[in-house]
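Chemist: See start.txt below, with compact mmCIF, C-alpha atoms.
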# COMPACT_ATOMS: atom_id res chain seq x y z
CA MET A 284 0.00 0.00 0.00
CA ASN A 285 1.55 3.32 -0.98
CA PHE A 286 1.56 6.45 1.18
CA PHE A 287 -1.60 8.02 -0.29
CA ALA A 288 -3.51 4.76 -0.15
CA GLN A 289 -2.59 4.44 3.55
CA ALA A 290 -3.61 8.05 4.26
CA LEU A 291 -6.92 7.62 2.43
CA ALA A 292 -7.58 4.38 4.33
CA VAL A 293 -7.11 6.23 7.65
CA ALA A 294 -9.32 9.09 6.46
CA ARG A 295 -12.02 6.66 5.25
CA LYS A 296 -11.96 4.89 8.64
CA ASP A 297 -12.32 8.12 10.59
CA LEU A 298 -15.05 9.48 8.32
CA ALA A 299 -16.94 6.18 8.50
CA ILE A 300 -16.83 6.28 12.31
CA GLU A 301 -17.86 9.93 12.30
CA LEU A 302 -20.75 9.43 9.90
CA ARG A 303 -21.99 6.58 12.08
CA THR A 304 -21.71 8.39 15.42
CA ARG A 305 -21.72 12.08 14.31
CA GLU A 306 -20.09 13.00 17.67
CA SER A 307 -17.67 15.64 16.40
CA LEU A 308 -19.84 16.89 13.52
CA ASN A 309 -22.86 17.57 15.71
CA ALA A 310 -20.81 19.20 18.44
CA ALA A 311 -18.71 21.30 16.04
CA GLY A 312 -21.67 22.32 13.89
CA SER A 313 -23.78 23.32 16.90
CA PHE A 314 -20.85 25.19 18.45
CA ALA A 315 -20.22 27.15 15.24
CA ILE A 316 -23.89 28.19 15.04
CA VAL A 317 -23.89 29.19 18.73
CA ILE A 318 -20.83 31.40 18.11
CA LEU A 319 -22.57 33.05 15.14
CA LEU A 320 -25.58 33.63 17.37
CA LEU A 321 -23.49 35.13 20.20
CA PHE A 322 -21.69 37.47 17.81
CA SER A 323 -25.07 38.85 16.69
CA PHE A 324 -25.36 40.43 20.15
CA THR A 325 -22.03 42.24 19.90
CA PHE A 326 -22.93 44.49 16.95
CA ASP A 327 -25.82 45.26 14.58
CA PRO A 328 -26.02 42.14 12.38
CA PHE A 329 -27.68 44.05 9.54
CA SER A 330 -25.26 46.96 9.41
CA ASP A 331 -23.30 47.71 6.24
CA ASP A 332 -20.10 46.77 8.07
CA THR A 333 -21.10 43.10 8.35
CA GLN A 334 -19.54 42.34 5.01
CA GLU A 335 -16.31 44.01 6.18
CA PHE A 336 -15.81 41.84 9.25
CA GLY A 337 -17.91 38.80 8.35
CA GLY A 338 -14.73 36.94 7.44
CA GLY A 339 -13.34 37.31 10.94
CA LEU A 340 -16.58 36.19 12.46
CA LEU A 341 -16.77 33.10 10.26
CA TRP A 342 -13.17 32.01 10.72
CA LEU A 343 -13.30 32.43 14.51
CA ALA A 344 -16.38 30.21 14.53
CA PHE A 345 -14.60 27.67 12.29
CA VAL A 346 -11.41 27.40 14.34
CA PHE A 347 -13.18 27.26 17.70
CA ALA A 348 -15.49 24.55 16.36
CA GLY A 349 -12.50 22.91 14.70
CA ALA A 350 -10.80 22.42 18.07
CA LEU A 351 -13.60 19.99 18.95
CA VAL A 352 -12.88 18.02 15.77
CA PHE A 353 -9.09 18.05 16.28
CA ASN A 354 -9.33 16.91 19.90
CA ARG A 355 -11.34 13.84 18.88
CA GLY A 356 -8.99 12.98 16.01
CA PHE A 357 -6.39 11.03 18.00
CA ALA A 358 -8.34 10.79 21.24
CA ARG A 359 -10.74 8.29 19.58
CA GLU A 360 -7.74 5.93 19.15
CA LEU A 361 -6.89 5.82 22.88
CA PRO A 362 -9.49 3.24 24.09
CA ASN A 363 -8.44 -0.41 23.67
CA GLU A 364 -4.90 0.75 22.74
CA CYS A 365 -5.95 1.38 19.14
CA LEU A 366 -3.25 4.06 18.74
CA ASP A 367 -0.48 1.65 19.76
CA THR A 368 -1.91 -0.91 17.33
CA LEU A 369 -1.94 1.61 14.51
CA LEU A 370 1.65 2.63 15.25
CA ALA A 371 2.77 -1.00 15.40
CA SER A 372 1.15 -1.71 12.04
CA PRO A 373 2.86 -1.23 8.63
CA LEU A 374 1.07 2.12 8.40
CA SER A 375 3.60 4.98 8.34
CA ALA A 376 3.28 7.71 10.98
CA ALA A 377 3.17 10.35 8.25
CA ALA A 378 0.28 8.55 6.51
CA LEU A 379 -1.56 8.38 9.84
CA ILE A 380 -1.22 12.13 10.41
CA VAL A 381 -2.08 13.05 6.80
CA GLY A 382 -5.05 10.65 6.91
CA LYS A 383 -6.30 12.32 10.09
CA ALA A 384 -5.80 15.71 8.42
CA ILE A 385 -7.86 14.60 5.39
CA ALA A 386 -10.66 13.48 7.72
CA ASN A 387 -10.41 16.78 9.65
CA PHE A 388 -10.53 18.66 6.33
CA ALA A 389 -13.69 16.89 5.18
CA MET A 390 -15.46 17.35 8.54
CA LEU A 391 -14.43 20.98 8.88
CA LEU A 392 -15.53 21.78 5.31
CA LEU A 393 -18.96 20.33 6.11
CA VAL A 394 -19.19 22.46 9.28
CA GLU A 395 -18.07 25.51 7.28
CA LEU A 396 -20.67 24.93 4.57
CA VAL A 397 -23.50 24.69 7.09
CA SER A 398 -22.16 27.73 8.98
CA LEU A 399 -21.90 29.72 5.76
CA PHE A 400 -25.58 29.13 4.97
CA VAL A 401 -26.58 30.07 8.53
CA PHE A 402 -24.32 33.14 8.39
CA GLY A 403 -25.89 34.26 5.12
CA ILE A 404 -29.35 34.00 6.67
CA PHE A 405 -28.55 35.48 10.12
CA TYR A 406 -26.52 38.40 8.77
CA ASP A 407 -28.25 38.94 5.40
CA VAL A 408 -25.04 38.45 3.43
CA ASN A 409 -25.16 37.26 -0.17
CA TRP A 410 -21.98 35.24 -0.78
CA PHE A 411 -23.12 33.44 -3.96
CA PRO A 412 -21.68 35.85 -6.58
CA GLN A 413 -18.08 34.93 -5.71
CA ALA A 414 -18.72 31.39 -4.52
CA ALA A 415 -15.83 30.00 -6.60
CA TRP A 416 -13.29 32.31 -4.91
CA LEU A 417 -14.84 31.49 -1.54
CA ALA A 418 -14.46 27.79 -2.27
CA LEU A 419 -10.76 28.28 -3.10
CA VAL A 420 -10.12 30.32 0.06
CA PHE A 421 -11.98 27.81 2.24
CA ALA A 422 -10.16 24.86 0.69
CA LEU A 423 -6.68 26.39 1.13
CA ALA A 424 -7.21 27.75 4.63
CA THR A 425 -9.09 24.67 5.87
CA TRP A 426 -6.28 22.36 4.71
CA GLY A 427 -3.71 24.43 6.66
CA VAL A 428 -5.91 24.41 9.75
CA SER A 429 -6.63 20.68 9.37
CA ILE A 430 -2.99 19.61 9.05
CA LEU A 431 -2.10 21.67 12.13
CA GLY A 432 -5.06 20.15 13.94
CA ALA A 433 -3.90 16.63 13.07
CA VAL A 434 -0.26 17.28 14.06
CA PHE A 435 -1.08 18.91 17.35
CA GLY A 436 -3.84 16.44 18.07
CA ALA A 437 -1.04 13.86 17.93
CA PHE A 438 1.18 16.10 20.09
CA THR A 439 -1.35 16.48 22.85
CA VAL A 440 -3.08 13.08 22.81
CA ASN A 441 -1.11 11.82 25.83
CA LEU A 442 -0.68 15.12 27.65
CA ARG A 443 -2.28 16.24 30.88
CA LEU A 444 -5.02 18.78 30.19
CA ARG A 445 -5.16 17.75 26.52
CA GLU A 446 -8.29 19.81 25.79
CA LEU A 447 -6.59 22.92 27.21
CA MET A 448 -3.10 22.43 25.73
CA LEU A 449 -4.31 21.90 22.15
CA PRO A 450 -5.92 25.35 21.72
CA VAL A 451 -3.08 27.09 23.61
CA ILE A 452 -0.46 25.63 21.25
CA ILE A 453 -2.38 25.55 17.99
CA TYR A 454 -4.07 28.96 17.78
CA PRO A 455 -0.87 31.09 17.67
CA LEU A 456 0.45 28.86 14.87
CA MET A 457 -2.81 29.29 12.95
CA ILE A 458 -2.74 33.07 13.06
CA PRO A 459 -0.91 33.72 9.75
CA LEU A 460 -3.36 31.32 8.05
CA LEU A 461 -6.28 33.05 9.73
CA ILE A 462 -5.15 36.55 8.80
CA ALA A 463 -4.92 35.53 5.14
CA ALA A 464 -8.25 33.64 5.23
CA ILE A 465 -10.05 36.51 6.96
CA GLU A 466 -8.71 39.15 4.54
CA LEU A 467 -9.70 37.06 1.52
CA THR A 468 -13.12 36.18 2.93
CA ASN A 469 -13.84 39.83 3.74
CA THR A 470 -12.88 40.78 0.18
CA VAL A 471 -15.25 38.13 -1.22
CA LEU A 472 -18.14 39.05 1.10
CA SER A 473 -17.85 42.75 0.30
CA HIS A 474 -17.89 41.91 -3.46
CA GLN A 475 -14.51 43.53 -4.10
CA PRO A 476 -12.14 42.27 -6.82
CA MET A 477 -9.68 39.61 -5.69
CA SER A 478 -6.89 40.88 -7.95
CA GLY A 479 -5.51 43.11 -5.19
CA GLN A 480 -5.36 40.34 -2.61
CA LEU A 481 -3.31 37.69 -4.35
CA GLN A 482 -0.46 37.94 -1.81
CA TRP A 483 -2.83 36.40 0.72
CA ILE A 484 -3.35 33.42 -1.59
CA ARG A 485 0.43 33.08 -1.67
CA VAL A 486 0.52 33.13 2.15
CA LEU A 487 -2.09 30.35 2.28
CA VAL A 488 -0.31 28.22 -0.30
CA ALA A 489 3.11 28.73 1.36
CA SER A 490 1.67 27.92 4.80
CA ASP A 491 -0.09 24.81 3.50
CA ILE A 492 3.04 23.51 1.80
CA GLY A 493 5.23 24.39 4.79
CA PHE A 494 3.04 22.86 7.48
CA THR A 495 2.29 19.74 5.42
CA THR A 496 5.99 19.20 4.72
CA LEU A 497 6.88 19.65 8.38
CA ALA A 498 4.10 17.27 9.41
CA TRP A 499 5.37 14.63 6.96
CA VAL A 500 9.02 15.04 8.03
CA LEU A 501 8.34 15.13 11.79
CA ALA A 502 5.58 12.51 11.95
CA ASP A 503 7.86 9.79 13.33
CA THR A 504 9.27 12.19 15.94
CA ILE A 505 5.80 13.15 17.11
CA LEU A 506 4.18 9.71 17.22
CA LEU A 507 6.93 7.15 17.73
CA ASN A 508 9.06 6.72 20.86
CA MET B 131 33.84 26.06 34.81
CA ARG B 132 30.30 27.02 33.89
CA GLU B 133 30.07 29.22 36.99
CA LYS B 134 33.18 31.15 35.91
CA LEU B 135 31.79 31.56 32.40
CA ILE B 136 28.50 32.94 33.78
CA ILE B 137 30.35 35.40 36.00
CA ALA B 138 32.63 36.46 33.13
CA LEU B 139 29.68 37.00 30.78
CA ALA B 140 27.72 38.93 33.43
CA ALA B 141 30.73 41.14 34.16
CA GLY B 142 31.35 41.74 30.46
CA ALA B 143 27.68 42.60 29.91
CA ALA B 144 27.71 44.99 32.87
CA ILE B 145 30.76 46.87 31.56
CA LEU B 146 29.44 47.03 28.00
CA LEU B 147 25.98 48.09 29.13
CA ALA B 148 27.40 50.81 31.39
CA TYR B 149 29.46 52.16 28.48
CA ASN B 150 26.45 52.00 26.14
CA LEU B 151 24.06 53.67 28.59
CA TYR B 152 26.53 56.49 29.10
CA ASN B 153 26.75 57.05 25.34
CA ILE B 154 23.02 56.61 24.70
CA PHE B 155 21.86 59.04 27.37
CA LEU B 156 24.73 61.51 27.68
CA VAL B 157 26.69 61.57 24.42
CA LEU B 158 24.41 60.92 21.43
CA PRO B 159 22.13 63.83 20.47
CA ASP B 160 18.33 63.67 20.17
CA GLU B 161 16.89 62.50 16.86
CA ILE B 162 15.45 65.31 14.71
CA ALA B 163 11.90 63.96 14.32
CA GLN B 164 11.44 61.85 17.46
CA GLY B 165 13.41 63.82 20.03
CA TYR B 166 14.59 62.05 23.16
CA MET B 167 12.17 59.12 22.69
CA TYR B 168 14.16 57.60 19.81
CA ARG B 169 16.62 56.20 22.38
CA ILE B 170 14.21 53.36 23.05
CA ILE B 171 15.31 51.94 19.68
CA TYR B 172 18.61 50.92 21.31
CA PHE B 173 16.68 48.39 23.41
CA HIS B 174 13.65 47.72 21.21
CA VAL B 175 15.50 46.57 18.09
CA PRO B 176 18.37 44.63 19.76
CA ALA B 177 15.82 42.82 21.99
CA ALA B 178 13.96 41.75 18.84
CA TRP B 179 17.22 40.56 17.22
CA VAL B 180 18.26 38.61 20.34
CA GLY B 181 14.80 37.01 20.50
CA MET B 182 14.79 36.01 16.84
CA ILE B 183 18.35 34.67 16.94
CA GLY B 184 17.41 32.71 20.05
CA PHE B 185 14.40 31.08 18.41
CA PHE B 186 16.47 29.98 15.41
CA ALA B 187 19.30 28.78 17.65
CA ALA B 188 16.72 26.73 19.56
CA MET B 189 15.49 25.26 16.28
CA THR B 190 19.06 24.26 15.33
CA LEU B 191 19.57 22.68 18.73
CA SER B 192 16.25 20.87 18.39
CA VAL B 193 17.36 19.39 15.08
CA LEU B 194 20.66 18.36 16.71
CA TYR B 195 18.71 16.70 19.53
CA LEU B 196 16.55 14.77 17.07
CA ALA B 197 19.68 13.69 15.20
CA SER B 198 21.78 12.70 18.22
CA GLY B 199 19.39 12.08 21.13
CA ASN B 200 21.70 14.07 23.43
CA PHE B 201 19.61 15.73 26.16
CA ARG B 202 22.10 18.61 26.48
CA TYR B 203 20.76 19.97 23.20
CA ASP B 204 17.21 19.82 24.56
CA SER B 205 18.23 21.59 27.81
CA LEU B 206 20.03 24.29 25.88
CA ALA B 207 17.12 24.75 23.46
CA ALA B 208 14.62 25.08 26.32
CA SER B 209 16.87 27.59 28.09
CA ILE B 210 17.33 29.66 24.96
CA VAL B 211 13.59 29.67 24.22
CA GLU B 212 12.80 30.90 27.73
CA VAL B 213 15.32 33.76 27.46
CA SER B 214 14.19 34.60 23.92
CA VAL B 215 10.55 34.83 25.04
CA VAL B 216 11.63 37.36 27.68
CA PHE B 217 13.60 39.45 25.16
CA SER B 218 10.77 39.32 22.61
CA THR B 219 8.39 40.52 25.34
CA VAL B 220 10.83 43.37 26.07
CA ASN B 221 10.65 44.18 22.34
CA LEU B 222 6.85 44.35 22.47
CA VAL B 223 6.73 46.42 25.68
CA THR B 224 9.35 48.93 24.52
CA GLY B 225 7.55 49.17 21.18
CA SER B 226 4.28 49.90 23.01
CA ILE B 227 5.89 52.67 25.05
CA TRP B 228 7.41 54.20 21.91
CA GLY B 229 4.09 53.89 20.07
CA ARG B 230 2.21 55.57 22.92
CA VAL B 231 4.52 58.61 22.73
CA GLN B 232 4.83 58.77 18.93
CA TRP B 233 1.39 57.62 17.76
CA GLY B 234 -0.72 58.20 20.87
CA ILE B 235 -1.74 54.54 21.16
CA TRP B 236 -0.30 51.65 23.19
CA TRP B 237 -0.89 49.08 20.46
CA THR B 238 -1.79 48.85 16.81
CA TRP B 239 -2.72 45.67 14.99
CA ASP B 240 0.08 46.25 12.55
CA TYR B 241 1.14 42.92 10.97
CA ARG B 242 4.72 42.99 12.30
CA LEU B 243 3.66 43.76 15.87
CA THR B 244 0.97 41.12 15.64
CA SER B 245 3.39 38.57 14.22
CA GLN B 246 5.89 39.23 17.03
CA LEU B 247 3.07 38.71 19.52
CA VAL B 248 2.28 35.44 17.71
CA CYS B 249 5.93 34.38 18.20
CA VAL B 250 5.81 35.12 21.91
CA LEU B 251 2.53 33.21 22.29
CA THR B 252 3.83 30.26 20.24
CA PHE B 253 6.92 29.82 22.36
CA ALA B 254 5.05 30.54 25.58
CA GLY B 255 2.92 27.56 24.49
CA TYR B 256 6.18 25.61 24.09
CA LEU B 257 7.12 26.40 27.70
CA MET B 258 3.64 25.43 28.91
CA MET B 259 3.77 22.18 26.97
CA ARG B 260 7.11 21.26 28.58
CA GLN B 261 5.51 21.71 32.00
CA ALA B 262 2.72 19.32 31.02
CA ILE B 263 5.01 16.41 30.06
CA ASP B 264 6.75 14.40 32.79
CA GLU B 265 8.59 11.86 30.67
CA PRO B 266 11.94 13.45 29.60
CA THR B 267 12.30 11.74 26.21
CA GLN B 268 8.74 12.56 25.15
CA ARG B 269 9.20 16.13 26.43
CA ALA B 270 12.41 16.59 24.47
CA ARG B 271 10.98 15.01 21.31
CA LEU B 272 7.76 17.05 21.25
CA SER B 273 9.57 20.25 22.26
CA ALA B 274 11.97 19.78 19.34
CA ALA B 275 9.08 19.28 16.90
CA LEU B 276 7.19 22.30 18.24
CA THR B 277 10.30 24.50 17.96
CA ILE B 278 10.62 23.58 14.30
CA PHE B 279 6.95 24.40 13.66
CA GLY B 280 7.29 27.61 15.66
CA CYS B 281 10.31 28.76 13.69
CA PHE B 282 8.41 28.33 10.44
CA ASN B 283 6.08 30.93 11.96
CA VAL B 284 9.09 33.13 12.82
CA VAL B 285 9.98 33.19 9.10
CA ILE B 286 6.57 34.71 8.40
CA VAL B 287 7.26 37.28 11.15
CA TRP B 288 10.64 38.16 9.68
CA LYS B 289 9.30 38.48 6.14
CA SER B 290 6.26 40.52 7.17
CA ILE B 291 8.23 43.75 6.73
CA GLU B 292 8.45 43.12 3.03
CA TRP B 293 5.19 41.25 2.48
CA PHE B 294 2.59 43.43 4.14
CA ARG B 295 1.71 47.11 4.20
CA ASN B 296 2.04 48.36 7.74
CA ASN B 297 2.43 51.51 9.83
CA HIS B 298 5.51 50.26 11.70
CA PRO B 299 8.58 52.31 10.73
CA GLY B 300 10.34 50.77 7.74
CA PRO B 301 13.90 49.47 7.77
CA VAL B 302 16.54 52.07 8.67
CA ILE B 303 19.60 49.90 9.33
CA SER B 304 22.21 50.30 6.57
CA PHE B 305 22.49 46.59 5.69
CA ARG B 306 18.75 46.65 4.94
CA THR B 307 18.55 50.00 3.13
CA GLY B 308 21.98 50.28 1.47
CA GLY B 309 22.86 53.16 3.74
CA GLY B 310 21.78 56.73 4.46
CA LYS B 311 18.68 56.29 6.64
CA MET B 312 20.33 56.26 10.10
CA ASP B 313 23.21 58.31 11.45
CA PRO B 314 26.37 56.11 11.52
CA ALA B 315 27.07 56.93 15.19
CA MET B 316 23.54 55.93 16.15
CA GLU B 317 23.74 52.76 14.06
CA HIS B 318 27.09 51.90 15.68
CA MET B 319 25.51 52.25 19.15
CA LEU B 320 22.60 50.06 18.03
CA PHE B 321 24.98 47.21 17.15
CA LEU B 322 26.97 47.75 20.35
CA ASN B 323 23.84 47.51 22.49
CA PHE B 324 22.81 44.43 20.52
CA LEU B 325 26.14 42.91 21.59
CA ALA B 326 25.46 43.85 25.24
CA LEU B 327 21.99 42.30 25.17
CA LEU B 328 23.36 39.19 23.45
CA VAL B 329 25.95 38.75 26.22
CA ILE B 330 23.22 39.20 28.86
CA ALA B 331 21.07 36.63 27.06
CA SER B 332 24.00 34.19 26.94
CA ALA B 333 24.60 34.53 30.70
CA LEU B 334 20.89 34.02 31.44
CA THR B 335 20.79 30.99 29.13
CA LEU B 336 23.70 29.37 30.96
CA VAL B 337 22.01 29.98 34.33
CA ARG B 338 18.80 28.43 33.01
CA MET B 339 20.68 25.52 31.50
CA ARG B 340 22.27 24.81 34.87
CA GLN B 341 18.76 24.62 36.33
CA GLU B 342 17.66 22.23 33.56
CA SER B 343 20.68 19.96 34.16
CA THR B 344 19.96 19.87 37.90
CA SER B 345 16.31 19.14 37.24
CA ARG B 346 17.26 16.21 34.95
CA GLU B 347 19.63 14.88 37.58
CA ILE B 348 16.92 15.02 40.26
CA ASP B 349 14.54 13.31 37.85
CA SER B 350 16.95 10.43 37.21
CA LEU B 351 17.66 10.02 40.94
CA ARG B 352 13.92 9.92 41.58
CA ARG B 353 13.50 7.21 38.92
CA ALA B 354 16.43 5.22 40.33
CA ALA B 355 14.88 5.43 43.82
CA HIS B 356 11.56 4.09 42.53
CA VAL B 357 13.06 1.15 40.63
Is it possible to give me this structure as structure tokens?
Modeler:
Amino acid sequence: MNFFAQALAVARKDLAIELRTRESLNAAGSFAIVILLLFSFTFDPFSDDTQEFGGGLLWLAFVFAGALVFNRGFARELPNECLDTLLASPLSAAALIVGKAIANFAMLLLVELVSLFVFGIFYDVNWFPQAAWLALVFALATWGVSILGAVFGAFTVNLRLRELMLPVIIYPLMIPLLIAAIELTNTVLSHQPMSGQLQWIRVLVASDIGFTTLAWVLADTILLN
Amino acid sequence: MREKLIIALAAGAAILLAYNLYNIFLVLPDEIAQGYMYRIIYFHVPAAWVGMIGFFAAMTLSVLYLASGNFRYDSLAASIVEVSVVFSTVNLVTGSIWGRVQWGIWWTWDYRLTSQLVCVLTFAGYLMMRQAIDEPTQRARLSAALTIFGCFNVVIVWKSIEWFRNNHPGPVISFRTGGGKMDPAMEHMLFLNFLALLVIASALTLVRMRQESTSREIDSLRRAAHV
């Protein structure tokens, strides 16, 4: 089995479990909608400025909800020593992490799609005209967030206060990704041309390549004793 | 031997700092646009340099640990990160004070300031993570990996001057501008104070490393007692 086949097998396993139980999806989706609801009390949701800061609102909701997904990623392997079994198998550590990241990516994209519809309704924002650009931004930023979530889910799986340590470590590392995603999303939501914001696409692509490469290179260090 | 080195470095730093402070406050004139307040640059910029150098040195040591398994590299990396976090915080605080006087605000969400804050938070997370892991090998391994991830973030911080529009003052040091933006005497003092802060950082790192070595020794004695 080659590397990608192994990673896809891990992703398929996690997605199959998640579709059966819907633990993380329900929790993350509900949490994202609650955050969108709470933000509606902090400013006038129908003001003209909503399109200017809607990107920030959305991405905060996504990463906070994402923490619930990332925490479950490796934690679901702890009972019955499943993680030790996986590591003892012919599966490479890098394929395990990338597979978890693919599963995170799929789950987070689903949460984002639902949140985007709810956001459009709650805040009266029409995001359809530049849906293609939005899809590109979401795909690039979500991959970066997902690979970090998978790596640091592996980092923190055996730590004390795992649920606390994961956000503390991961959010500062996500900030460059978030800045780029928020700027691009704000540009899309305010119907401005994307031509002036291409450096942010470069930041997303560079971050994705960098974090994925580091995850692949350091996978054995993170997971294996 | 290490004790003598710490004392020598501390003494050297004290002498150099005394000389620099004399020149900064009593010899060099005020800057035309900023007046007396510009003098904070002699601490603000060198603190940032010491912090950044420290983070990259820690990354190098982390790679060496992963390659060799020698815990000395891990102890030194952890010590350097701790000192670098302090110096980066000094950079942020001095920048805030300068900004308050020059711009009237304590903080602006300028990309470089924000990125430096991201660095401090990332490596503060590193220090917190080390506290949360009891097993020395796992602690060293994960710390090394996190340092490498964190330094990738530092690259984005370093490049943010060129990549993003911002209201932080642009480069003035001659090796960045090709010359002409800063008085040579002032630039000379900047590098001299950088040297002083680097020597202070080195002394602090050695003190911290001594603590790490003692802590590892206590840990191994505790394990031997429980066997």
Chemist: If you take only C-alpha atoms and a cut-off of 8 Å, which residues of chain B touch chain A, and what are their nearest atom pairs and distances in Å to one decimal, in chain and number order, as a tab-separated table?
Modeler:
residue	atom	partner	partner_atom	distance
B:Leu196	CA	A:Thr504	CA	7.8
B:Ser245	CA	A:Pro459	CA	7.9
B:Val248	CA	A:Pro455	CA	5.4
B:Cys249	CA	A:Pro455	CA	7.6
B:Leu251	CA	A:Pro455	CA	6.1
B:Thr252	CA	A:Pro455	CA	5.4
B:Gly255	CA	A:Ile452	CA	5.1
B:Tyr256	CA	A:Ile452	CA	7.2
B:Met259	CA	A:Met448	CA	7.0
B:Ala262	CA	A:Arg443	CA	5.9
B:Ile263	CA	A:Leu442	CA	6.3
B:Gln268	CA	A:Asn508	CA	7.3
B:Arg271	CA	A:Thr504	CA	6.3
B:Leu272	CA	A:Ile505	CA	6.0
B:Ala275	CA	A:Leu501	CA	6.6
B:Phe279	CA	A:Leu497	CA	7.1
B:Gly280	CA	A:Leu456	CA	7.0
B:Phe282	CA	A:Gly493	CA	7.6
B:Asn283	CA	A:Leu456	CA	6.7
B:Ile286	CA	A:Pro459	CA	7.7
B:Trp293	CA	A:Gln482	CA	7.8
Chemist: Save the residues we just selected, C-alpha atoms, as a short mmCIF file (atom, residue, chain, number, x, y, z; two decimals), in the frame of the given file?
Modeler:
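Output saved as part_33.cif:
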data_model
loop_
_atom_site.label_atom_id
_atom_site.label_comp_id
_atom_site.auth_asym_id
_atom_site.auth_seq_id
_atom_site.Cartn_x
_atom_site.Cartn_y
_atom_site.Cartn_z
CA LEU B 196 16.55 14.77 17.07
CA SER B 245 3.39 38.57 14.22
CA VAL B 248 2.28 35.44 17.71
CA CYS B 249 5.93 34.38 18.20
CA LEU B 251 2.53 33.21 22.29
CA THR B 252 3.83 30.26 20.24
CA GLY B 255 2.92 27.56 24.49
CA TYR B 256 6.18 25.61 24.09
CA MET B 259 3.77 22.18 26.97
CA ALA B 262 2.72 19.32 31.02
CA ILE B 263 5.01 16.41 30.06
CA GLN B 268 8.74 12.56 25.15
CA ARG B 271 10.98 15.01 21.31
CA LEU B 272 7.76 17.05 21.25
CA ALA B 275 9.08 19.28 16.90
CA PHE B 279 6.95 24.40 13.66
CA GLY B 280 7.29 27.61 15.66
CA PHE B 282 8.41 28.33 10.44
CA ASN B 283 6.08 30.93 11.96
CA ILE B 286 6.57 34.71 8.40
CA TRP B 293 5.19 41.25 2.48
#
Chemist: Place a sphere of radius 12 Å on (-14.5, 5.3, 13.5) in the file coordinates and name every protein, DNA or RNA residue with an atom inside or on its surface, counting only C-alpha atoms; give the answer as a ChimeraX atom specification.
Modeler: /A:292-307,355-360,362,365,383,386
Chemist: Env of range 336-350 of chain B: 7 Å cut, atoms = all atoms listed in the file, seq-sep filter 4 positions within chain, self excluded. Answer as an NGL selection string.
Modeler: :B and (136 or 205-206 or 209 or 332 or 354)
Chemist: What lies within 12 Å of Ile316 in chain A using all atoms listed in the file, ignoring chain neighbours under 3 positions off, as a VMD selection string?
Modeler: chain A and resid 309 to 313 319 to 323 340 to 341 343 to 345 347 to 348 394 to 405
Chemist: Which residues, written as number ranges by chain, have at least one atom at most 8 Å from Phe287 in chain A, with all atoms listed in the file counted and residues fewer than 3 positions away on the same chain left out?
Modeler: A: 290-291, 378
Chemist: Report, in Å with one decimal, the straight-line distance from CA of Asp204 in chain B to CA of Met189 in chain B.
Modeler: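 Computing the Euclidean distance for CA of Asp204 in chain B and CA of Met189 in chain B yields 10.1 Å.
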Chemist: Taking all atoms listed in the file into account, which of B:Ile278, B:Asp313, B:Gly234, B:Trp228 comes nearest Tyr166 in chain B?
Modeler: B:Trp228
Chemist: What does the distance between CA of Ser375 in chain A and CA of Arg269 in chain B come to in Å, to one decimal place?
Modeler: 22.0 Å
Chemist: So that I can check the surroundings of Met182 in chain B, please list as a ChimeraX atom specification every protein, DNA and RNA residue that reaches within 9 Å of it, counting all atoms listed in the file and ignoring chain neighbours fewer than 4 positions away.
Modeler: /B:177-178,186-187,214,218,284,288
Chemist: Could those selected residues go to a file with C-alpha atoms, as a PDB file, keeping the file's coordinate frame?
Modeler:
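Done, and the output landed in part-v3.pdb:
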ATOM      1  CA  ALA B 177      15.820  42.820  21.990  1.00  0.00           C
ATOM      2  CA  ALA B 178      13.960  41.750  18.840  1.00  0.00           C
ATOM      3  CA  PHE B 186      16.470  29.980  15.410  1.00  0.00           C
ATOM      4  CA  ALA B 187      19.300  28.780  17.650  1.00  0.00           C
ATOM      5  CA  SER B 214      14.190  34.600  23.920  1.00  0.00           C
ATOM      6  CA  SER B 218      10.770  39.320  22.610  1.00  0.00           C
ATOM      7  CA  VAL B 284       9.090  33.130  12.820  1.00  0.00           C
ATOM      8  CA  TRP B 288      10.640  38.160   9.680  1.00  0.00           C
TER       9      TRP B 288
END
Chemist: So what do you get for CA of Leu487 in chain A versus CA of Ile465 in chain A, distance-wise?
Modeler: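 Straight-line distance from CA of Leu487 in chain A to CA of Ile465 in chain A works out to 11.1 Å.
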Chemist: Give me, as a PDB file with C-alpha atoms, keeping the file's coordinate frame, all polymer residues having an atom no more than 12 Å from Tyr152 in chain B, counting all atoms listed in the file and skipping those fewer than 6 positions away in the same chain.
Modeler:
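Now in result.pdb:
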ATOM      1  CA  ILE B 145      30.760  46.870  31.560  1.00  0.00           C
ATOM      2  CA  LEU B 146      29.440  47.030  28.000  1.00  0.00           C
ATOM      3  CA  LEU B 158      24.410  60.920  21.430  1.00  0.00           C
ATOM      4  CA  ARG B 169      16.620  56.200  22.380  1.00  0.00           C
ATOM      5  CA  MET B 319      25.510  52.250  19.150  1.00  0.00           C
ATOM      6  CA  ASN B 323      23.840  47.510  22.490  1.00  0.00           C
TER       7      ASN B 323
END
Chemist: For range 302-310 of chain A of the structure just presented, write C-alpha atoms to a file, as a short mmCIF file (atom, residue, chain, number, x, y, z; two decimals), in the first residue's frame.
Modeler:
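Saved result, out.cif, follows:
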data_model
loop_
_atom_site.label_atom_id
_atom_site.label_comp_id
_atom_site.auth_asym_id
_atom_site.auth_seq_id
_atom_site.Cartn_x
_atom_site.Cartn_y
_atom_site.Cartn_z
CA LEU A 302 -20.75 9.43 9.90
CA ARG A 303 -21.99 6.58 12.08
CA THR A 304 -21.71 8.39 15.42
CA ARG A 305 -21.72 12.08 14.31
CA GLU A 306 -20.09 13.00 17.67
CA SER A 307 -17.67 15.64 16.40
CA LEU A 308 -19.84 16.89 13.52
CA ASN A 309 -22.86 17.57 15.71
CA ALA A 310 -20.81 19.20 18.44
#
